[in-house]
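What follows is the content of start-v3.tsv (TSV, C-alpha atoms and all ligand atoms).
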```tsv
chain	number	residue	atom	x	y	z
A	1	MET	CA	102.26	12.20	292.07
A	2	LYS	CA	99.03	12.05	294.02
A	3	ILE	CA	95.77	13.06	292.33
A	4	ILE	CA	92.71	13.92	294.38
A	5	LYS	CA	89.56	14.12	292.29
A	6	THR	CA	86.78	16.23	293.75
A	7	LYS	CA	83.14	16.68	292.77
A	8	ASN	CA	83.29	20.39	292.07
A	9	TYR	CA	85.15	23.69	292.63
A	10	GLU	CA	83.92	24.07	296.24
A	11	GLN	CA	85.20	20.65	297.21
A	12	MET	CA	88.49	21.25	295.38
A	13	SER	CA	88.92	24.49	297.33
A	14	ARG	CA	88.17	22.80	300.63
A	15	VAL	CA	90.62	19.94	300.03
A	16	ALA	CA	93.38	22.37	298.96
A	17	ALA	CA	92.72	24.57	302.00
A	18	ASN	CA	92.94	21.47	304.19
A	19	ILE	CA	96.38	20.61	302.81
A	20	LEU	CA	97.61	24.18	303.34
A	21	SER	CA	96.23	24.37	306.87
A	22	ALA	CA	97.75	20.97	307.73
A	23	GLN	CA	101.11	22.39	306.63
A	24	ILE	CA	100.64	25.40	308.92
A	25	ILE	CA	99.61	23.22	311.85
A	26	MET	CA	102.61	20.91	311.38
A	27	LYS	CA	105.03	23.82	311.00
A	28	PRO	CA	103.59	27.15	312.20
A	29	ASP	CA	106.58	29.10	310.82
A	30	CYS	CA	106.41	27.46	307.39
A	31	VAL	CA	107.07	29.16	304.06
A	32	LEU	CA	104.13	28.93	301.66
A	33	GLY	CA	104.56	29.64	297.96
A	34	LEU	CA	101.32	31.22	296.73
A	35	ALA	CA	99.62	31.84	293.39
A	36	THR	CA	97.08	34.31	292.02
A	37	GLY	CA	94.49	33.62	289.29
A	38	SER	CA	90.88	32.57	289.65
A	39	THR	CA	91.43	28.95	290.72
A	40	PRO	CA	92.89	29.54	294.23
A	41	ILE	CA	90.30	32.18	295.24
A	42	GLY	CA	87.97	29.54	296.78
A	43	THR	CA	90.94	28.04	298.64
A	44	TYR	CA	91.82	31.45	300.09
A	45	ASP	CA	88.15	32.05	301.03
A	46	GLN	CA	88.11	28.74	302.90
A	47	LEU	CA	91.34	29.60	304.75
A	48	ILE	CA	89.85	32.98	305.74
A	49	ASN	CA	86.72	31.22	307.08
A	50	TRP	CA	88.77	28.84	309.17
A	51	TYR	CA	90.93	31.72	310.43
A	52	LYS	CA	87.79	33.62	311.49
A	53	LYS	CA	86.57	30.55	313.36
A	54	GLY	CA	89.89	30.43	315.22
A	55	ASP	CA	91.11	27.26	313.53
A	56	ILE	CA	94.29	28.58	311.85
A	57	ASP	CA	96.98	30.97	313.02
A	58	PHE	CA	99.03	32.71	310.31
A	59	SER	CA	101.13	34.82	312.68
A	60	GLU	CA	104.39	32.95	312.04
A	61	VAL	CA	103.78	32.06	308.39
A	62	THR	CA	105.88	33.51	305.55
A	63	THR	CA	104.50	33.61	302.01
A	64	ILE	CA	106.37	33.98	298.73
A	65	ASN	CA	104.30	34.56	295.61
A	66	LEU	CA	105.06	33.21	292.17
A	67	ASP	CA	104.91	36.32	290.05
A	68	GLU	CA	104.13	40.00	289.49
A	69	TYR	CA	103.68	42.34	286.52
A	70	LYS	CA	106.69	44.53	285.87
A	71	GLY	CA	105.71	48.20	286.14
A	72	LEU	CA	102.63	47.83	288.36
A	73	SER	CA	102.57	49.32	291.86
A	74	PRO	CA	101.15	47.38	294.81
A	75	GLU	CA	98.20	49.83	294.82
A	76	ASN	CA	97.28	49.06	291.22
A	77	ASP	CA	94.20	46.86	291.37
A	78	GLN	CA	95.62	44.65	288.60
A	79	SER	CA	98.85	43.94	290.47
A	80	TYR	CA	99.32	40.55	292.07
A	81	ARG	CA	100.26	42.22	295.37
A	82	TYR	CA	96.86	43.92	295.35
A	83	PHE	CA	95.21	40.57	294.55
A	84	MET	CA	96.94	38.84	297.47
A	85	ASN	CA	96.08	41.64	299.90
A	86	THR	CA	92.42	41.71	298.94
A	87	HIS	CA	91.87	37.95	298.54
A	88	LEU	CA	93.85	36.79	301.58
A	89	PHE	CA	96.32	38.90	303.53
A	90	ASP	CA	93.89	41.69	304.57
A	91	HIS	CA	91.60	39.09	306.17
A	92	ILE	CA	94.01	37.00	308.27
A	93	ASN	CA	96.58	37.62	311.02
A	94	ILE	CA	99.62	37.36	308.77
A	95	ASP	CA	102.49	39.81	309.25
A	96	LYS	CA	102.56	41.63	305.88
A	97	ASP	CA	106.33	42.11	306.27
A	98	LYS	CA	106.57	38.35	305.88
A	99	THR	CA	104.60	38.28	302.61
A	100	TYR	CA	106.70	38.55	299.47
A	101	VAL	CA	105.70	39.33	295.89
A	102	PRO	CA	108.30	40.30	293.24
A	103	ASN	CA	108.85	44.05	293.20
A	104	GLY	CA	106.97	45.20	290.09
A	105	LEU	CA	108.28	48.74	290.54
A	106	GLU	CA	111.96	47.72	290.22
A	107	PRO	CA	112.88	48.68	286.64
A	108	ASP	CA	116.15	46.74	286.72
A	109	SER	CA	115.01	43.19	285.93
A	110	GLU	CA	118.24	41.53	286.98
A	111	LYS	CA	118.17	43.28	290.32
A	112	ALA	CA	114.48	42.48	290.93
A	113	CYS	CA	114.97	38.81	290.11
A	114	SER	CA	118.22	38.22	291.98
A	115	GLU	CA	116.79	39.99	295.05
A	116	TYR	CA	113.78	37.68	294.90
A	117	ASP	CA	115.95	34.57	294.65
A	118	GLN	CA	117.91	35.84	297.66
A	119	ILE	CA	114.68	36.15	299.63
A	120	ILE	CA	113.74	32.54	298.78
A	121	LYS	CA	117.23	31.27	299.71
A	122	ALA	CA	117.31	33.29	302.94
A	123	HIS	CA	114.14	31.44	303.99
A	124	SER	CA	115.76	28.07	303.17
A	125	GLY	CA	113.30	27.48	300.35
A	126	ILE	CA	109.58	26.89	300.13
A	127	ASP	CA	107.85	24.24	302.25
A	128	LEU	CA	104.65	24.05	300.20
A	129	GLN	CA	104.11	25.68	296.81
A	130	LEU	CA	100.55	26.25	295.60
A	131	LEU	CA	100.13	26.39	291.81
A	132	GLY	CA	97.37	26.98	289.29
A	133	LEU	CA	97.62	25.55	285.79
A	134	GLY	CA	97.44	27.70	282.64
A	135	ASN	CA	95.39	26.49	279.67
A	136	ASN	CA	98.64	25.94	277.74
A	137	GLY	CA	100.38	24.26	280.68
A	138	HIS	CA	102.12	27.33	282.04
A	139	ILE	CA	102.97	27.57	285.74
A	140	GLY	CA	103.78	30.97	287.15
A	141	PHE	CA	104.56	32.97	284.01
A	142	ASN	CA	106.70	30.14	282.61
A	143	GLU	CA	105.23	29.77	279.14
A	144	PRO	CA	105.71	26.81	276.77
A	145	GLY	CA	109.20	26.61	275.36
A	146	ASP	CA	110.90	28.06	278.44
A	147	SER	CA	113.77	26.01	279.77
A	148	PHE	CA	113.24	23.94	282.90
A	149	GLU	CA	116.34	25.49	284.45
A	150	LYS	CA	115.49	29.06	285.34
A	151	GLU	CA	115.26	30.75	288.67
A	152	THR	CA	113.35	34.05	288.98
A	153	HIS	CA	113.44	35.88	285.65
A	154	CYS	CA	111.71	38.52	283.58
A	155	VAL	CA	109.38	37.35	280.82
A	156	SER	CA	107.88	39.26	277.92
A	157	LEU	CA	104.18	38.55	277.72
A	158	THR	CA	102.86	37.13	274.49
A	159	GLU	CA	100.59	39.30	272.35
A	160	SER	CA	97.63	37.05	273.13
A	161	THR	CA	98.18	37.46	276.89
A	162	ILE	CA	98.44	41.24	276.48
A	163	ASP	CA	95.24	41.29	274.41
A	164	ALA	CA	93.47	39.06	276.95
A	165	ASN	CA	94.50	41.37	279.79
A	166	ALA	CA	93.45	44.54	277.96
A	167	ARG	CA	89.89	44.26	279.32
A	168	PHE	CA	91.15	45.01	282.83
A	169	PHE	CA	92.81	48.32	281.83
A	170	SER	CA	91.45	51.56	280.38
A	171	SER	CA	93.73	51.34	277.32
A	172	ILE	CA	96.01	48.73	275.73
A	173	GLU	CA	99.04	50.98	276.42
A	174	GLU	CA	98.50	50.50	280.15
A	175	VAL	CA	98.69	46.69	279.93
A	176	PRO	CA	102.01	45.46	281.27
A	177	THR	CA	104.21	43.84	278.62
A	178	GLN	CA	106.57	42.07	281.03
A	179	ALA	CA	106.40	40.18	284.31
A	180	TYR	CA	108.76	38.78	286.93
A	181	THR	CA	108.24	35.11	287.70
A	182	MET	CA	109.79	32.35	289.75
A	183	GLY	CA	111.37	29.89	287.35
A	184	ILE	CA	110.72	26.20	286.93
A	185	LYS	CA	113.89	25.43	288.85
A	186	THR	CA	112.73	27.49	291.84
A	187	ILE	CA	109.31	25.86	291.75
A	188	MET	CA	110.82	22.36	291.53
A	189	GLN	CA	112.98	23.08	294.59
A	190	ALA	CA	109.88	23.49	296.80
A	191	LYS	CA	109.65	20.63	299.28
A	192	LYS	CA	105.99	19.97	298.44
A	193	ILE	CA	103.81	21.15	295.57
A	194	LEU	CA	100.02	21.48	295.52
A	195	VAL	CA	98.28	22.14	292.19
A	196	VAL	CA	94.64	23.22	291.99
A	197	VAL	CA	92.75	22.75	288.72
A	198	SER	CA	89.10	23.32	287.95
A	199	GLY	CA	86.77	23.42	284.96
A	200	ILE	CA	86.21	21.74	281.62
A	201	GLN	CA	88.54	24.18	279.83
A	202	LYS	CA	91.47	22.60	281.73
A	203	ALA	CA	90.58	18.98	280.87
A	204	SER	CA	92.92	18.50	277.91
A	205	ILE	CA	95.88	20.24	279.56
A	206	VAL	CA	95.46	18.12	282.71
A	207	LYS	CA	95.82	15.01	280.54
A	208	LYS	CA	98.85	16.41	278.66
A	209	ALA	CA	100.64	17.86	281.67
A	210	PHE	CA	100.26	15.01	284.11
A	211	PHE	CA	99.91	11.98	281.84
A	212	GLY	CA	101.80	13.06	278.71
A	213	SER	CA	105.50	13.34	277.98
A	214	ILE	CA	107.73	15.64	279.99
A	215	THR	CA	108.68	18.59	277.80
A	216	PRO	CA	109.31	22.35	278.16
A	217	GLU	CA	106.51	22.72	275.58
A	218	VAL	CA	104.18	21.84	278.48
A	219	PRO	CA	105.91	23.49	281.45
A	220	ALA	CA	103.72	21.81	284.09
A	221	SER	CA	104.76	18.36	282.80
A	222	VAL	CA	108.02	18.75	284.73
A	223	LEU	CA	105.98	18.34	287.93
A	224	GLN	CA	105.81	14.61	287.14
A	225	LEU	CA	109.46	14.50	288.25
A	226	HIS	CA	108.88	16.12	291.64
A	227	ARG	CA	108.78	13.67	294.52
A	228	ASP	CA	105.91	15.26	296.46
A	229	VAL	CA	103.18	16.68	294.23
A	230	THR	CA	99.46	16.64	294.99
A	231	ILE	CA	97.01	17.64	292.28
A	232	VAL	CA	93.53	18.57	293.44
A	233	CYS	CA	91.32	18.48	290.44
A	234	ASP	CA	87.54	18.75	290.04
A	235	GLU	CA	85.52	16.29	287.95
A	236	GLU	CA	85.35	18.59	284.91
A	237	ALA	CA	89.10	19.18	284.84
A	238	PHE	CA	89.60	15.42	285.11
A	239	SER	CA	87.07	14.57	282.40
A	240	ALA	CA	89.57	13.86	279.57
A	241	LEU	CA	91.01	10.95	281.56
B	301	LIG	C1	99.24	32.95	289.01
B	301	LIG	C2	99.99	32.27	287.98
B	301	LIG	C3	99.37	31.59	286.82
B	301	LIG	C4	98.01	30.96	287.08
B	301	LIG	C5	97.45	30.30	285.81
B	301	LIG	C6	96.07	29.73	286.02
B	301	LIG	O1	100.09	33.53	289.98
B	301	LIG	O2	101.16	32.30	288.08
B	301	LIG	O3	100.26	30.61	286.35
B	301	LIG	O4	98.11	30.02	288.10
B	301	LIG	O5	97.40	31.22	284.77
B	301	LIG	O6	95.20	30.78	286.21
B	301	LIG	P1	93.67	30.54	286.61
B	301	LIG	O7	93.65	29.99	287.98
B	301	LIG	O8	93.07	31.93	286.56
B	301	LIG	O9	93.10	29.61	285.59
```

Would you write out, as structure tokens, the structure that this file holds?
Amino acid sequence: MKIIKTKNYEQMSRVAANILSAQIIMKPDCVLGLATGSTPIGTYDQLINWYKKGDIDFSEVTTINLDEYKGLSPENDQSYRYFMNTHLFDHINIDKDKTYVPNGLEPDSEKACSEYDQIIKAHSGIDLQLLGLGNNGHIGFNEPGDSFEKETHCVSLTESTIDANARFFSSIEEVPTQAYTMGIKTIMQAKKILVVVSGIQKASIVKKAFFGSITPEVPASVLQLHRDVTIVCDEEAFSAL
């Protein structure tokens, strides 16, 4: 496990963008696993800047995202497809047909998940998987207690997650109660993993996940077993160590 400590969020974003762009330069038709959430936004902004300057070409890149809310359409501004379009895909020369997010509109969970696993297998796996880190150690929507074994599966969101998300919707009834997520097994099969972590609120989970014992109670702790993981972490997120 390689840890790169940066001064602040901007530097973290720049270093992470550098690692992603190096991957694209080394293998222009690579498969990138991508994440949503607030942490990677600066990384995506940096990639867009470099694209606009002519430094990166996304035309042959394929992307496969970690997760999506079940029941939300791509047009819903809370969907992860919408997030990816607005924060990255709409601003670069990627072929949208080569960008994959689980199909939130597929009501049959088994079908949605097995189709997604097929997509990953058909691309011979993920070259570089970008991850954020949840405050409780979750990666994707793999919450504490989940087994390390699973491929893409449907999860029921906890009440606290539903309550936390309620502010983005006009009523609590509209908040999705389930999501499709890549499993820990799928994530661990990526050839390389890049984790971005920022802010004081992540300090104690950084210590637990990357320096504590390996347990499904802290899903990200399994990353200690992966042979090629880089964690890019700002000073605040590193401050418990
Ligand atoms: C996003 C995802 C989540 C986030 C995590 C951290 O696709 O799967 O696991 O990476 O919740 O979110 P932020 O970056 O908002 O702290």

Each residue of chain A with at least one atom at most 8 Å from ligand LIG 301 (chain B) should appear once, together with its nearest atom pair and the corresponding distance in Å (one decimal); atoms considered: all atoms listed in the file; ordering: chain, then increasing residue number; output as CSV.
```
residue,atom,partner,partner_atom,distance
A:Leu34,CA,B:LIG301,O1,7.2
A:Ala35,CA,B:LIG301,O1,3.8
A:Thr36,CA,B:LIG301,O1,3.7
A:Gly37,CA,B:LIG301,O8,3.5
A:Ser38,CA,B:LIG301,O8,3.8
A:Thr39,CA,B:LIG301,O7,3.7
A:Pro40,CA,B:LIG301,O7,6.3
A:Asn65,CA,B:LIG301,O1,7.1
A:Leu66,CA,B:LIG301,O1,5.4
A:Asp67,CA,B:LIG301,O1,5.6
A:Glu68,CA,B:LIG301,O1,7.6
A:Tyr80,CA,B:LIG301,O1,7.4
A:Leu131,CA,B:LIG301,O4,5.6
A:Gly132,CA,B:LIG301,O4,3.3
A:Leu133,CA,B:LIG301,C6,4.5
A:Gly134,CA,B:LIG301,C5,4.1
A:Asn135,CA,B:LIG301,O9,7.1
A:His138,CA,B:LIG301,O3,5.7
A:Ile139,CA,B:LIG301,O3,4.1
A:Gly140,CA,B:LIG301,O2,3.1
A:Phe141,CA,B:LIG301,O2,5.3
A:Asn142,CA,B:LIG301,O3,7.5
A:Thr181,CA,B:LIG301,O2,7.6
A:Val196,CA,B:LIG301,O7,7.9
A:Val197,CA,B:LIG301,O7,7.3
A:Ser198,CA,B:LIG301,O9,7.8
```

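From CA of Thr43 (chain A) back to CA of Val175 (chain A), the distance works out to 27.5 Å.
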
Self-check item: Close residues, Met26 (chain A) itself excluded, 12 Å, only C-alpha atoms, min 6 positions apart in chain, as an MDAnalysis selection string
Solution: chainID A and resid 19:20 56:57 61 127:128

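When CA of Asp95 (chain A) is paired with CA of Pro107 (chain A), their separation reads 26.4 Å.
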
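CA of Ala17 (chain A) lies 5.9 Å from CA of Leu47 (chain A).
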
Reconstruct region 52-76 of chain A at the level of N, CA, C and O atoms, and format the result as an mmCIF file, in the frame of the given file.
```
data_model
loop_
_atom_site.group_PDB
_atom_site.id
_atom_site.type_symbol
_atom_site.label_atom_id
_atom_site.label_comp_id
_atom_site.auth_asym_id
_atom_site.auth_seq_id
_atom_site.Cartn_x
_atom_site.Cartn_y
_atom_site.Cartn_z
ATOM 1 N N LYS A 52 88.804 32.875 310.717
ATOM 2 C CA LYS A 52 87.790 33.620 311.490
ATOM 3 C C LYS A 52 87.165 32.758 312.584
ATOM 4 O O LYS A 52 86.740 33.268 313.613
ATOM 5 N N LYS A 53 87.113 31.452 312.331
ATOM 6 C CA LYS A 53 86.570 30.550 313.360
ATOM 7 C C LYS A 53 87.611 30.215 314.420
ATOM 8 O O LYS A 53 87.348 29.482 315.368
ATOM 9 N N GLY A 54 88.828 30.687 314.233
ATOM 10 C CA GLY A 54 89.890 30.430 315.220
ATOM 11 C C GLY A 54 90.655 29.146 314.970
ATOM 12 O O GLY A 54 91.401 28.677 315.833
ATOM 13 N N ASP A 55 90.476 28.560 313.784
ATOM 14 C CA ASP A 55 91.110 27.260 313.530
ATOM 15 C C ASP A 55 92.533 27.340 312.966
ATOM 16 O O ASP A 55 93.244 26.342 312.979
ATOM 17 N N ILE A 56 92.927 28.480 312.399
ATOM 18 C CA ILE A 56 94.290 28.580 311.850
ATOM 19 C C ILE A 56 94.932 29.885 312.333
ATOM 20 O O ILE A 56 94.261 30.925 312.423
ATOM 21 N N ASP A 57 96.223 29.798 312.576
ATOM 22 C CA ASP A 57 96.980 30.970 313.020
ATOM 23 C C ASP A 57 98.091 31.223 311.993
ATOM 24 O O ASP A 57 98.948 30.377 311.768
ATOM 25 N N PHE A 58 98.048 32.386 311.349
ATOM 26 C CA PHE A 58 99.030 32.710 310.310
ATOM 27 C C PHE A 58 100.174 33.586 310.839
ATOM 28 O O PHE A 58 100.984 34.063 310.054
ATOM 29 N N SER A 59 100.218 33.799 312.163
ATOM 30 C CA SER A 59 101.130 34.820 312.680
ATOM 31 C C SER A 59 102.605 34.537 312.419
ATOM 32 O O SER A 59 103.409 35.450 312.331
ATOM 33 N N GLU A 60 102.964 33.258 312.279
ATOM 34 C CA GLU A 60 104.390 32.950 312.040
ATOM 35 C C GLU A 60 104.677 32.560 310.599
ATOM 36 O O GLU A 60 105.807 32.239 310.245
ATOM 37 N N VAL A 61 103.627 32.547 309.765
ATOM 38 C CA VAL A 61 103.780 32.060 308.390
ATOM 39 C C VAL A 61 104.457 33.119 307.506
ATOM 40 O O VAL A 61 104.213 34.315 307.646
ATOM 41 N N THR A 62 105.311 32.643 306.592
ATOM 42 C CA THR A 62 105.880 33.510 305.550
ATOM 43 C C THR A 62 105.285 33.052 304.220
ATOM 44 O O THR A 62 105.094 31.855 303.995
ATOM 45 N N THR A 63 104.984 33.997 303.334
ATOM 46 C CA THR A 63 104.500 33.610 302.010
ATOM 47 C C THR A 63 105.376 34.246 300.929
ATOM 48 O O THR A 63 105.872 35.371 301.090
ATOM 49 N N ILE A 64 105.567 33.502 299.862
ATOM 50 C CA ILE A 64 106.370 33.980 298.730
ATOM 51 C C ILE A 64 105.578 33.707 297.455
ATOM 52 O O ILE A 64 105.320 32.542 297.129
ATOM 53 N N ASN A 65 105.137 34.773 296.793
ATOM 54 C CA ASN A 65 104.300 34.560 295.610
ATOM 55 C C ASN A 65 105.098 34.250 294.352
ATOM 56 O O ASN A 65 106.283 34.567 294.254
ATOM 57 N N LEU A 66 104.404 33.648 293.413
ATOM 58 C CA LEU A 66 105.060 33.210 292.170
ATOM 59 C C LEU A 66 105.498 34.347 291.262
ATOM 60 O O LEU A 66 106.557 34.270 290.645
ATOM 61 N N ASP A 67 104.652 35.382 291.143
ATOM 62 C CA ASP A 67 104.910 36.320 290.050
ATOM 63 C C ASP A 67 104.270 37.690 290.274
ATOM 64 O O ASP A 67 103.434 37.865 291.177
ATOM 65 N N GLU A 68 104.680 38.639 289.442
ATOM 66 C CA GLU A 68 104.130 40.000 289.490
ATOM 67 C C GLU A 68 104.391 40.679 288.144
ATOM 68 O O GLU A 68 105.388 40.413 287.472
ATOM 69 N N TYR A 69 103.463 41.545 287.729
ATOM 70 C CA TYR A 69 103.680 42.340 286.520
ATOM 71 C C TYR A 69 104.766 43.366 286.751
ATOM 72 O O TYR A 69 104.775 44.048 287.786
ATOM 73 N N LYS A 70 105.661 43.482 285.788
ATOM 74 C CA LYS A 70 106.690 44.530 285.870
ATOM 75 C C LYS A 70 106.022 45.869 285.542
ATOM 76 O O LYS A 70 105.323 45.981 284.529
ATOM 77 N N GLY A 71 106.238 46.857 286.407
ATOM 78 C CA GLY A 71 105.710 48.200 286.140
ATOM 79 C C GLY A 71 104.456 48.517 286.941
ATOM 80 O O GLY A 71 104.039 49.671 286.977
ATOM 81 N N LEU A 72 103.846 47.531 287.589
ATOM 82 C CA LEU A 72 102.630 47.830 288.360
ATOM 83 C C LEU A 72 102.963 48.032 289.840
ATOM 84 O O LEU A 72 103.745 47.273 290.419
ATOM 85 N N SER A 73 102.332 49.054 290.429
ATOM 86 C CA SER A 73 102.570 49.320 291.860
ATOM 87 C C SER A 73 101.653 48.405 292.678
ATOM 88 O O SER A 73 100.638 47.911 292.176
ATOM 89 N N PRO A 74 101.999 48.225 293.957
ATOM 90 C CA PRO A 74 101.150 47.380 294.810
ATOM 91 C C PRO A 74 99.719 47.919 294.919
ATOM 92 O O PRO A 74 98.786 47.158 295.168
ATOM 93 N N GLU A 75 99.545 49.231 294.709
ATOM 94 C CA GLU A 75 98.200 49.830 294.820
ATOM 95 C C GLU A 75 97.374 49.621 293.566
ATOM 96 O O GLU A 75 96.156 49.803 293.583
ATOM 97 N N ASN A 76 98.021 49.276 292.464
ATOM 98 C CA ASN A 76 97.280 49.060 291.220
ATOM 99 C C ASN A 76 96.392 47.823 291.369
ATOM 100 O O ASN A 76 96.877 46.755 291.748
#
```
